[in-house]
Each structure stands twice: as C-alpha cells, then as structure tokens.
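The next block is start_27.cif, given as mmCIF, C-alpha atoms.
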```
data_data
#
loop_
_atom_site.label_atom_id
_atom_site.label_comp_id
_atom_site.auth_asym_id
_atom_site.auth_seq_id
_atom_site.Cartn_x
_atom_site.Cartn_y
_atom_site.Cartn_z
CA MET E 1 106.08 145.28 150.99
CA ASN E 2 107.88 147.67 148.69
CA ILE E 3 106.34 147.55 145.18
CA HIS E 4 109.80 147.25 143.57
CA VAL E 5 110.69 144.29 145.78
CA ARG E 6 107.41 142.57 144.88
CA GLN E 7 108.01 143.28 141.16
CA ALA E 8 111.50 141.75 141.42
CA GLU E 9 110.05 138.65 143.13
CA VAL E 10 107.42 138.24 140.40
CA SER E 11 110.08 138.67 137.69
CA ALA E 12 112.18 135.98 139.36
CA LEU E 13 109.19 133.61 139.52
CA ILE E 14 108.49 134.13 135.82
CA SER E 15 112.15 133.66 134.87
CA ALA E 16 112.26 130.42 136.84
CA ALA E 17 109.00 129.21 135.25
CA GLN E 18 110.37 130.02 131.77
CA ALA E 19 113.56 128.08 132.47
CA ARG E 20 111.62 125.01 133.65
CA TYR E 21 109.22 125.32 130.69
CA VAL E 22 111.93 125.23 128.01
CA ARG E 23 113.82 122.51 129.86
CA GLU E 24 110.72 120.30 129.78
CA ILE E 25 110.35 120.81 126.03
CA ASP E 26 114.05 120.53 125.20
CA ASP E 27 115.06 117.69 127.53
CA GLY E 28 111.81 115.99 128.52
CA ASP E 29 109.10 114.11 126.70
CA CYS E 30 106.70 117.07 127.17
CA THR E 31 104.27 115.08 129.34
CA ALA E 32 104.68 117.65 132.14
CA TRP E 33 104.24 120.59 129.73
CA PRO E 34 100.54 121.14 130.61
CA ASN E 35 101.48 121.54 134.28
CA PHE E 36 102.95 124.97 133.51
CA PHE E 37 99.40 126.22 132.81
CA VAL E 38 96.29 126.90 134.87
CA ASP E 39 93.29 124.66 134.12
CA ASP E 40 91.37 127.27 132.09
CA CYS E 41 94.39 128.29 130.04
CA PHE E 42 94.83 129.41 126.46
CA TYR E 43 97.77 128.57 124.15
CA THR E 44 98.14 129.58 120.53
CA ILE E 45 100.88 129.85 117.93
CA THR E 46 100.46 132.54 115.29
CA SER E 47 102.51 134.65 112.90
CA ALA E 48 103.64 138.21 113.58
CA ASP E 49 101.47 139.42 110.68
CA ASN E 50 98.34 137.75 112.06
CA TYR E 51 99.10 139.07 115.52
CA ALA E 52 99.68 142.64 114.25
CA GLN E 53 96.37 142.52 112.38
CA ASN E 54 94.60 141.08 115.44
CA LEU E 55 93.56 138.00 113.44
CA GLU E 56 92.56 135.18 115.73
CA ALA E 57 93.48 132.31 113.41
CA GLY E 58 96.45 130.43 114.73
CA LEU E 59 98.50 127.44 113.70
CA VAL E 60 97.78 125.89 117.08
CA TRP E 61 94.74 126.82 119.20
CA LEU E 62 94.27 125.16 122.60
CA ASP E 63 91.91 126.59 125.20
CA SER E 64 92.20 124.30 128.21
CA LYS E 65 94.76 122.21 130.04
CA ASP E 66 92.90 119.10 128.82
CA MET E 67 93.51 120.18 125.20
CA LEU E 68 97.22 120.62 126.00
CA ARG E 69 97.32 117.10 127.44
CA ASP E 70 95.52 115.71 124.37
CA ARG E 71 98.03 117.39 122.06
CA ILE E 72 101.00 115.82 123.86
CA LEU E 73 99.30 112.43 124.01
CA SER E 74 98.60 112.50 120.27
CA LEU E 75 102.16 113.58 119.51
CA LEU E 76 103.61 110.76 121.58
CA GLU E 77 101.19 108.00 120.56
CA ALA E 78 99.40 108.77 117.30
CA ASN E 79 101.42 111.13 115.11
CA VAL E 80 104.59 110.15 113.31
CA TYR E 81 107.38 112.71 113.12
CA GLU E 82 111.01 112.52 112.20
CA ARG E 83 112.93 112.13 115.43
CA HIS E 84 114.08 115.54 116.52
CA SER E 85 114.49 117.74 119.55
CA TYR E 86 114.47 121.44 120.27
CA ARG E 87 116.91 123.75 122.00
CA HIS E 88 115.46 127.04 123.23
CA MET E 89 117.35 130.25 123.85
CA ILE E 90 115.15 132.71 125.70
CA GLY E 91 115.61 136.34 126.59
CA GLN E 92 114.99 138.00 129.90
CA PRO E 93 111.21 138.47 130.28
CA PHE E 94 109.78 141.97 130.28
CA VAL E 95 107.28 141.86 133.13
CA GLY E 96 104.41 144.32 133.49
CA GLU E 97 102.73 145.55 136.64
CA LEU E 98 101.09 142.99 138.91
CA GLU E 99 97.28 143.21 138.74
CA GLY E 100 95.92 141.27 141.69
CA ASP E 101 97.51 137.85 141.28
CA GLU E 102 98.11 138.16 137.50
CA VAL E 103 100.78 139.83 135.41
CA ASP E 104 101.63 140.22 131.71
CA SER E 105 105.03 139.26 130.36
CA GLU E 106 106.84 139.21 127.02
CA THR E 107 109.90 137.10 126.26
CA SER E 108 111.89 136.71 123.04
CA PHE E 109 112.99 133.25 121.96
CA MET E 110 115.01 131.35 119.37
CA VAL E 111 114.54 127.62 118.85
CA ALA E 112 116.94 125.29 117.08
CA ARG E 113 115.73 121.93 115.81
CA ILE E 114 118.15 119.06 116.10
CA THR E 115 117.51 116.03 113.90
CA ARG E 116 119.15 112.73 114.75
CA GLU E 117 120.51 112.09 111.28
CA GLY E 118 120.78 115.61 109.91
CA PRO E 119 121.79 119.14 110.72
CA THR E 120 120.88 121.51 113.50
CA ASP E 121 118.76 124.31 112.02
CA LEU E 122 117.27 127.52 113.27
CA PHE E 123 113.64 126.44 113.56
CA ALA E 124 111.75 129.45 114.90
CA THR E 125 112.20 132.90 116.37
CA GLY E 126 109.63 135.10 117.99
CA ARG E 127 108.19 136.08 121.32
CA TYR E 128 105.97 134.71 124.02
CA ILE E 129 103.19 137.08 124.98
CA ASP E 130 101.99 135.75 128.29
CA ARG E 131 99.63 136.29 131.15
CA TYR E 132 100.77 134.61 134.37
CA ARG E 133 98.91 133.92 137.58
CA ILE E 134 100.99 133.85 140.74
CA VAL E 135 99.92 130.79 142.73
CA GLY E 136 101.83 130.54 146.00
CA ASP E 137 105.49 130.57 145.02
CA GLU E 138 104.88 129.63 141.37
CA ALA E 139 103.99 131.50 138.20
CA LYS E 140 101.43 129.57 136.11
CA ILE E 141 100.55 130.48 132.52
CA VAL E 142 97.00 131.75 132.05
CA SER E 143 97.52 132.51 128.37
CA ARG E 144 100.45 132.17 126.01
CA THR E 145 100.47 133.56 122.50
CA VAL E 146 103.54 132.37 120.64
CA VAL E 147 104.16 135.00 117.96
CA LEU E 148 106.48 133.70 115.24
CA ASP E 149 108.58 136.29 113.41
CA SER E 150 108.25 134.55 110.06
CA ASN E 151 105.17 133.59 108.08
CA GLN E 152 107.02 130.53 106.76
CA ILE E 153 106.29 127.78 109.24
CA ASP E 154 107.97 124.40 109.12
CA THR E 155 105.65 121.42 108.79
CA LEU E 156 107.33 119.76 111.78
CA LEU E 157 105.63 122.20 114.15
CA GLY E 158 104.23 119.44 116.31
CA PHE E 159 105.71 119.87 119.73
CA PRO E 160 105.07 123.04 121.72
CA LEU E 161 107.37 126.02 121.39
#
```
Now that the file is in, can you turn its structure into structure tokens?
Amino acid sequence: MNIHVRQAEVSALISAAQARYVREIDDGDCTAWPNFFVDDCFYTITSADNYAQNLEAGLVWLDSKDMLRDRILSLLEANVYERHSYRHMIGQPFVGELEGDEVDSETSFMVARITREGPTDLFATGRYIDRYRIVGDEAKIVSRTVVLDSNQIDTLLGFPL
C-alpha cells in the first residue's frame, strides 16, 4: 500500500476517534469515555509552562483504564459539581508517521462551559498531545497529555477535557 494512502487512512481514523471522543464528553454522561483508551493508557492534564519545562506534575494524572473508570464513577456518584456541560471545538489533528501500529498526533482545542443557570464561558484552550494505537479499524489512545494554554485553571475541572 502506498505510504501516503496509509497515512491518510490513519489520519481519518484519528479524526473520527476525536469526533466521537468530544461527542461523548459534550453530549454523553462520560461513562463510555474510558473506551477510547487502551487498557494500559496514560491521561494527564497539565499547563503549557509545566509541559515546556518537562515537569511531570499534572492537575489530573491517570495511568490505566481502571483509573479513568474510577474518575468517571466518582464524578457521577460521589462528587458534587454545579450542573454544567462542555462544548468542544477541535482542530484538524497533525498526525506523525506511523511506527508499527502506533502514531503520534497533536490537536488544538477550545472548550466552552455551559452552566444551566448562568452564562456560557470559554473554559479552556490548549492541545492534545497523543499517542494512538491502530487496532483494526479504530484508533485507541495510548497516552493523552492535555496541555492547557493558561496556568489559571478553573476549579470545576472535574470532567475530562
């Protein structure tokens, strides 16, 4: 197969995975969110400054699919948050070269937070720095580092970005 054709197919798989991912967060209850990841995944949210300085400390640090499931379960059953929802706007992913069955990707995002009784606000901007594994006709997240542009993080950062 032509390398450019394969690259286009991988880019399409990642774009489709990204679209399903943000739809689950924006329009779902997030219970299917962990299914976008491989079992031995890694997910973190950090600031651009921490990322640039290669500091490992993150606002959220989850290193398995079980930890992702626990986070959603605690958000839905144990934690109390003002009712709100997100609306993601994502850019076209920049997809690197396929290495075996894995590929790196970077995607810019903007997230608005919609409160039931208040305004719609710009909540977060940044980029997803991802490693995907191609499994059949799906792209699954091996690692996702959510790099926030701002160091000022809202306290309602409960649900995944």
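Within 9 Å of segment 124-126 of chain E, once all atoms listed in the file are used and residues closer than 3 positions along the same chain are dropped, the contacting residues are Ser47, Ala48, Thr107, Ser108, Phe109, Met110, Val111, Ala112, Arg113, Val146, Val147, Leu148, Asp149, Ser150, Ile153, Asp154 and Leu161 of chain E.
If only C-alpha atoms are the atoms counted, then among E:Thr46, E:Ser105, E:Thr120, E:Thr31 the closest residue to Gln7 of chain E is E:Ser105.
One finds atom CA of Gly158 of chain E at 18.2 Å from atom CA of Gly118 of chain E.
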Residues matched by the PyMOL selection byres ((chain E and resi 45) around 6), written as a PyMOL selection string
chain E and resi 44+46+58-60+145-146
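Distance-wise, atom CA of Leu55 of chain E and atom CA of Met89 of chain E end up 27.1 Å apart.
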Spatial neighbours of segment 92-97 of chain E, 7 Å, all atoms listed in the file, chain gap at least 5 places, as a ChimeraX atom specification: /E:11,15,103-107
Show me the residues around (118.1, 119.8, 125.8) - criterion: an atom at most 8 Å away, all atoms listed in the file counted - as a ChimeraX atom specification.
/E:23,25-28,85-87
Of E:Ser64, E:Thr115, E:Asn151, E:Ser74, the one nearest to Asp39 of chain E when counting only C-alpha atoms is E:Ser64
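For the pair atom CA of Glu99 of chain E and atom CA of Gln53 of chain E, the interatomic distance is 26.4 Å.
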Residue contacts of Tyr132 of chain E (10 Å, all atoms listed in the file) excluding same-chain residues fewer than 4 positions away, as an MDAnalysis selection string = chainID E and resid 10 13:14 17 36:38 41 95 98 101:105 138:144
